[in-house]
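Some notes on the structure that comes next.
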Amino acid sequence: MNESQIQLRAHILELVERYAAMADQRTFVPGDSVVPPSGKVVGALELQYMTEAALDGWLTTGRFNDDFEQQLAKFIGVRHVLTTNSGSSANLLALAALTSPKLGSRALRPGDEIITVAAGFPTTVNPAILFGLTPVFVDIHIPTYNIDPEQIEAAISPKTKAIMIAHTLGNTFDLSAVTELAKRHGLWLVEDCCDALGSTYLGRKVGTFGDIGTLSFYPAHHITMGEGGAVFTDDPQIKIILESFRDWGRDCYCAPGRDNTCGKRFAWKLGDLPFGYDHKYTYSHLGFNLKITDMQAACGLAQLQQVDKFIQARKDNFRFLKKRLATCEEYIILPEATLHSDPSWFGFPITLRENVEFERVDLLRYLDNHKIGTRLLFAGNLVRQPYMANREYRISRELNNTDTAMNRTFWIGVYPGLSTEMLEYAASQIELFLGVGF
């Protein structure tokens with residue numbers, strides 16, 4: 001860039017900052033303003049970074065994506081991070097990678113079983129079905145809302161090859177027990193961390209215990225780039241396989257815009273192709289195109305600079321609600337963190353006790369009428385969802401707690417955009433409905 005372009009760019013970014021300051025002027029009015037269950041916190045820095053990416057004119061993954069992947073890897077504590085266009089795509093890539101013939105006898109094949117939970121989001125499980133695997137559903141524990149490790153042991157069969165489960169609403173599952181089981185039985189472990197960026201277990205970030213971890217950057221999540229996700233691993237072979245599946249299935253691992261990284265672009269002999277066939281157009285997997293744009297990565301990079309602040313706000317908001325709603329424990333079950341964990345909470349789950357004389361829908365309608373947003377525990381019980389009819393799956397033992405979550409659980413927000421005044425209003429309305437303290 002010449003001097004005029006540099007000055008003009010600086011002026012544009014200054015105007016963006018001024019606009020952001022003018023746009024972020026909202027006042028909360030109890031009963032009139034919405035208390036959302038989730039949302040984004042985006043300011044001047046995100047808008048400036050995205051503007052810079054637009055001015056660069058580099059529309060696919062570029063310098064912002066490179067920086068984002070490197071900084072996210074450092075934050076998590078892993079060697080390799082690859083961005084994707086969604087958290088669901090990250091889950092798809094994670095499981096696709098484990099079907100690669102490059103993994104030899106450990107590759108997942110149709111008919112193999114994968115242990116998971118039914119109380120979660122569909123796209124933790126859907127990739128297994130798409131690749132011809134059989135999900136084996138085990139029950140959860142309330143009030144952690146996570147998998148029961150004892151049931152994993154009981155669910156393992158000669159066909160079991162992997163475990164793929166999420167850290168529910170940011171609360172880590174029992175990683176000591178699950179990783180021990182995975183290692184003892186030679187199973188792959190995929191950690192769905194889409195709701196758990198920054199959560200730790202025994203002081204270590206989630207996603208670093210298993211073979212592969214996944215993240216989502218949808219606006220509801222801990223950081224956002226609009227749409228987006230990431231898959232990460234410490235294993236260099238799995239990293240190359242993940243990248244191949246993400247980038248059309250090609251065998252070449254050169255980044256976009258770079259050629260001949262391996263030094264022998266025209267010296268390969270693979271498949272039935274002629275010797276010297278361009279490695280950039282040689283495909284070793286049935287792949288996809290799941291990359292993001294550099295503008296998305298620019299937003300994510302700005303968000304990542306604030307991730308510690310965002311995580312602390314979630315923890316503080318959760319702690320406020322836990323203390324504030326202790327008055328209601330006669331009617332509701334409050335959430336508990338898994339032993340040895342420090343969750344970066346995605347939401348605040350609440351389960352109605354069996355003896356209450358009202359239905360969950362009554363409370364949800366009341367909260368909705370008072371502008372307090374709520375969400376259910378995702379799909380509730382996946383096996384009862386319409387799309388699961390006539391699908392191949394197995395249930396280990398019973399899913400009693402999963403059904404409890406389906407019928408009596410919901411959650412409210414803890415995201416950084418919620419003020420103490422908003423949280424107090426939400427808690428007071430729950431108290432008012434329950435008739436507590438009045």
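Quick note on naming: the chains in the structure tokens go A, B, ... in the order shown, residues restart at 1 in each chain, and ligands are numbered from 1 in order of appearance.
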Neighbours of Ala267 of chain A within 12 Å (only C-alpha atoms; same-chain residues fewer than 2 positions away dropped), as a list in words?
-> Asn260, Cys262, Gly263, Lys264, Arg265, Lys269, Leu270, Leu273, Pro274, Phe275, Gly276, Tyr277, Asp278, His279, Lys280 and Thr282 of chain A
Please write the residues from the selection above to a file, keeping N, CA and C atoms, as a short mmCIF file (atom, residue, chain, number, x, y, z; two decimals), in the first residue's frame.
```cif
data_model
loop_
_atom_site.label_atom_id
_atom_site.label_comp_id
_atom_site.auth_asym_id
_atom_site.auth_seq_id
_atom_site.Cartn_x
_atom_site.Cartn_y
_atom_site.Cartn_z
N ASN A 260 3.50 -26.26 -3.85
CA ASN A 260 4.73 -27.05 -3.75
C ASN A 260 5.39 -26.99 -2.37
N CYS A 262 5.51 -29.34 -0.26
CA CYS A 262 6.20 -30.61 -0.05
C CYS A 262 7.47 -30.73 -0.88
N GLY A 263 7.62 -29.86 -1.88
CA GLY A 263 8.81 -29.91 -2.72
C GLY A 263 8.76 -30.94 -3.83
N LYS A 264 7.65 -31.65 -3.94
CA LYS A 264 7.53 -32.66 -5.01
C LYS A 264 6.10 -32.69 -5.57
N ARG A 265 5.62 -31.52 -5.89
CA ARG A 265 4.25 -31.38 -6.40
C ARG A 265 4.00 -32.26 -7.61
N LYS A 269 3.07 -40.58 -7.26
CA LYS A 269 2.38 -41.64 -8.00
C LYS A 269 1.36 -42.25 -7.05
N LEU A 270 0.10 -41.81 -7.16
CA LEU A 270 -0.95 -42.24 -6.25
C LEU A 270 -2.13 -42.80 -7.04
N LEU A 273 -3.49 -42.85 -11.10
CA LEU A 273 -3.12 -41.65 -11.84
C LEU A 273 -1.72 -41.80 -12.43
N PRO A 274 -1.44 -41.10 -13.51
CA PRO A 274 -0.09 -41.16 -14.07
C PRO A 274 0.92 -40.51 -13.13
N PHE A 275 2.15 -40.97 -13.19
CA PHE A 275 3.21 -40.38 -12.38
C PHE A 275 3.32 -38.88 -12.69
N GLY A 276 3.49 -38.09 -11.63
CA GLY A 276 3.66 -36.65 -11.80
C GLY A 276 2.36 -35.88 -11.88
N TYR A 277 1.22 -36.58 -11.69
CA TYR A 277 -0.05 -35.86 -11.71
C TYR A 277 -0.05 -34.83 -10.58
N ASP A 278 -0.48 -33.60 -10.88
CA ASP A 278 -0.43 -32.49 -9.93
C ASP A 278 -1.03 -32.89 -8.58
N HIS A 279 -0.20 -32.81 -7.53
CA HIS A 279 -0.63 -33.21 -6.20
C HIS A 279 -1.80 -32.36 -5.69
N LYS A 280 -1.90 -31.13 -6.16
CA LYS A 280 -3.01 -30.25 -5.74
C LYS A 280 -4.35 -30.75 -6.26
N THR A 282 -5.03 -34.17 -6.60
CA THR A 282 -5.08 -35.59 -6.26
C THR A 282 -5.88 -35.72 -4.97
#
```
Per residue of segment 278-354 of chain A within 8 Å of segment 238-256 of chain A, record the nearest atom pair and its distance in Å to one decimal, counting only C-alpha atoms, with rows in chain order and ascending residue number, as CSV.
```
residue,atom,partner,partner_atom,distance
A:His279,CA,A:Cys252,CA,5.6
A:Lys280,CA,A:Cys252,CA,5.2
A:Tyr281,CA,A:Arg250,CA,6.6
A:Thr282,CA,A:Arg250,CA,5.6
A:Tyr283,CA,A:Arg250,CA,3.9
A:Ser284,CA,A:Asp251,CA,5.3
A:His285,CA,A:Gly249,CA,4.4
A:Leu286,CA,A:Gly249,CA,5.4
A:Gly287,CA,A:Gly249,CA,3.7
A:Phe288,CA,A:Trp248,CA,4.4
A:Asn289,CA,A:Trp248,CA,5.1
A:Leu290,CA,A:Arg246,CA,5.2
A:Lys291,CA,A:Arg246,CA,6.7
```
What does the distance between atom CA of Arg397 of chain A and atom CA of Ile156 of chain A come to in Å, to one decimal place?
->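 Computing the Euclidean distance for atom CA of Arg397 of chain A and atom CA of Ile156 of chain A yields 11.7 Å.
You can rank A:Thr27, A:Val383, A:Met406, A:Glu431 by their closest distance to Val136 of chain A using only C-alpha atoms, and at the top of that list sits A:Val383.
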Within 8 Å of Asp403 of chain A, counting only C-alpha atoms, which residues show up once you throw out same-chain ones fewer than 3 positions away? Write them as number ranges by chain, please.
-> A: 380-381, 399-400, 406-407
Segment 166-219 of chain A: which residues are strand (DSSP E) by DSSP, as an mmCIF file with N, CA and C atoms, in the first residue's frame?
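Resulting contents of result32.cif:
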```cif
data_model
loop_
_atom_site.group_PDB
_atom_site.id
_atom_site.type_symbol
_atom_site.label_atom_id
_atom_site.label_comp_id
_atom_site.auth_asym_id
_atom_site.auth_seq_id
_atom_site.Cartn_x
_atom_site.Cartn_y
_atom_site.Cartn_z
ATOM 1 N N ALA A 166 -20.429 -34.594 24.301
ATOM 2 C CA ALA A 166 -20.259 -33.157 24.517
ATOM 3 C C ALA A 166 -20.135 -32.855 26.004
ATOM 4 N N TRP A 188 -11.352 -44.561 20.221
ATOM 5 C CA TRP A 188 -11.176 -43.145 19.924
ATOM 6 C C TRP A 188 -12.051 -42.332 20.874
ATOM 7 N N LEU A 189 -11.582 -41.140 21.241
ATOM 8 C CA LEU A 189 -12.382 -40.224 22.059
ATOM 9 C C LEU A 189 -12.436 -38.865 21.379
ATOM 10 N N VAL A 190 -13.646 -38.442 21.023
ATOM 11 C CA VAL A 190 -13.881 -37.118 20.440
ATOM 12 C C VAL A 190 -14.643 -36.290 21.466
ATOM 13 N N GLU A 191 -14.079 -35.138 21.821
ATOM 14 C CA GLU A 191 -14.723 -34.224 22.763
ATOM 15 C C GLU A 191 -15.427 -33.102 21.999
ATOM 16 N N ASP A 192 -16.734 -33.081 22.084
ATOM 17 C CA ASP A 192 -17.503 -31.968 21.526
ATOM 18 C C ASP A 192 -17.480 -30.836 22.555
ATOM 19 N N THR A 200 -12.248 -26.172 32.109
ATOM 20 C CA THR A 200 -11.067 -26.957 32.466
ATOM 21 C C THR A 200 -11.450 -28.119 33.374
ATOM 22 N N TYR A 201 -10.615 -29.141 33.319
ATOM 23 C CA TYR A 201 -10.746 -30.310 34.191
ATOM 24 C C TYR A 201 -9.367 -30.598 34.748
ATOM 25 N N ARG A 204 -6.790 -28.337 33.246
ATOM 26 C CA ARG A 204 -6.419 -28.512 31.834
ATOM 27 C C ARG A 204 -7.635 -28.267 30.958
ATOM 28 N N LYS A 205 -7.436 -27.562 29.839
ATOM 29 C CA LYS A 205 -8.538 -27.206 28.954
ATOM 30 C C LYS A 205 -9.205 -28.458 28.369
ATOM 31 N N ILE A 212 -9.525 -35.864 19.400
ATOM 32 C CA ILE A 212 -9.964 -34.705 18.620
ATOM 33 C C ILE A 212 -10.948 -33.906 19.468
ATOM 34 N N GLY A 213 -10.892 -32.578 19.355
ATOM 35 C CA GLY A 213 -11.872 -31.707 19.987
ATOM 36 C C GLY A 213 -12.536 -30.826 18.945
ATOM 37 N N THR A 214 -13.744 -30.368 19.249
ATOM 38 C CA THR A 214 -14.470 -29.508 18.310
ATOM 39 C C THR A 214 -15.029 -28.287 19.031
ATOM 40 N N LEU A 215 -15.222 -27.209 18.267
ATOM 41 C CA LEU A 215 -15.764 -25.957 18.799
ATOM 42 C C LEU A 215 -16.744 -25.345 17.809
ATOM 43 N N SER A 216 -17.642 -24.517 18.331
ATOM 44 C CA SER A 216 -18.565 -23.749 17.499
ATOM 45 C C SER A 216 -18.408 -22.267 17.795
#
```
Sort by chain and increasing residue number a table of all residues of segment 227-279 of chain A within 10 Å of segment 292-305 of chain A, each with its closest pair of atoms and their distance in Å to one decimal, counting only C-alpha atoms, and write it as a Markdown table.
```
| residue | atom | partner | partner_atom | distance |
| --- | --- | --- | --- | --- |
| A:Glu227 | CA | A:Gln296 | CA | 7.5 |
| A:Gly228 | CA | A:Ile292 | CA | 6.7 |
| A:Gly229 | CA | A:Ile292 | CA | 8.7 |
| A:Ala230 | CA | A:Ile292 | CA | 9.9 |
```
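The gap separating atom CA of Thr327 of chain A from atom CA of Ala426 of chain A is 13.7 Å, in Å to one decimal.
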Quick one: of A:Asp316, A:Thr338, A:Arg365, A:Ile76, who's nearest to Ile147 of chain A, counting only C-alpha atoms?
-> A:Thr338
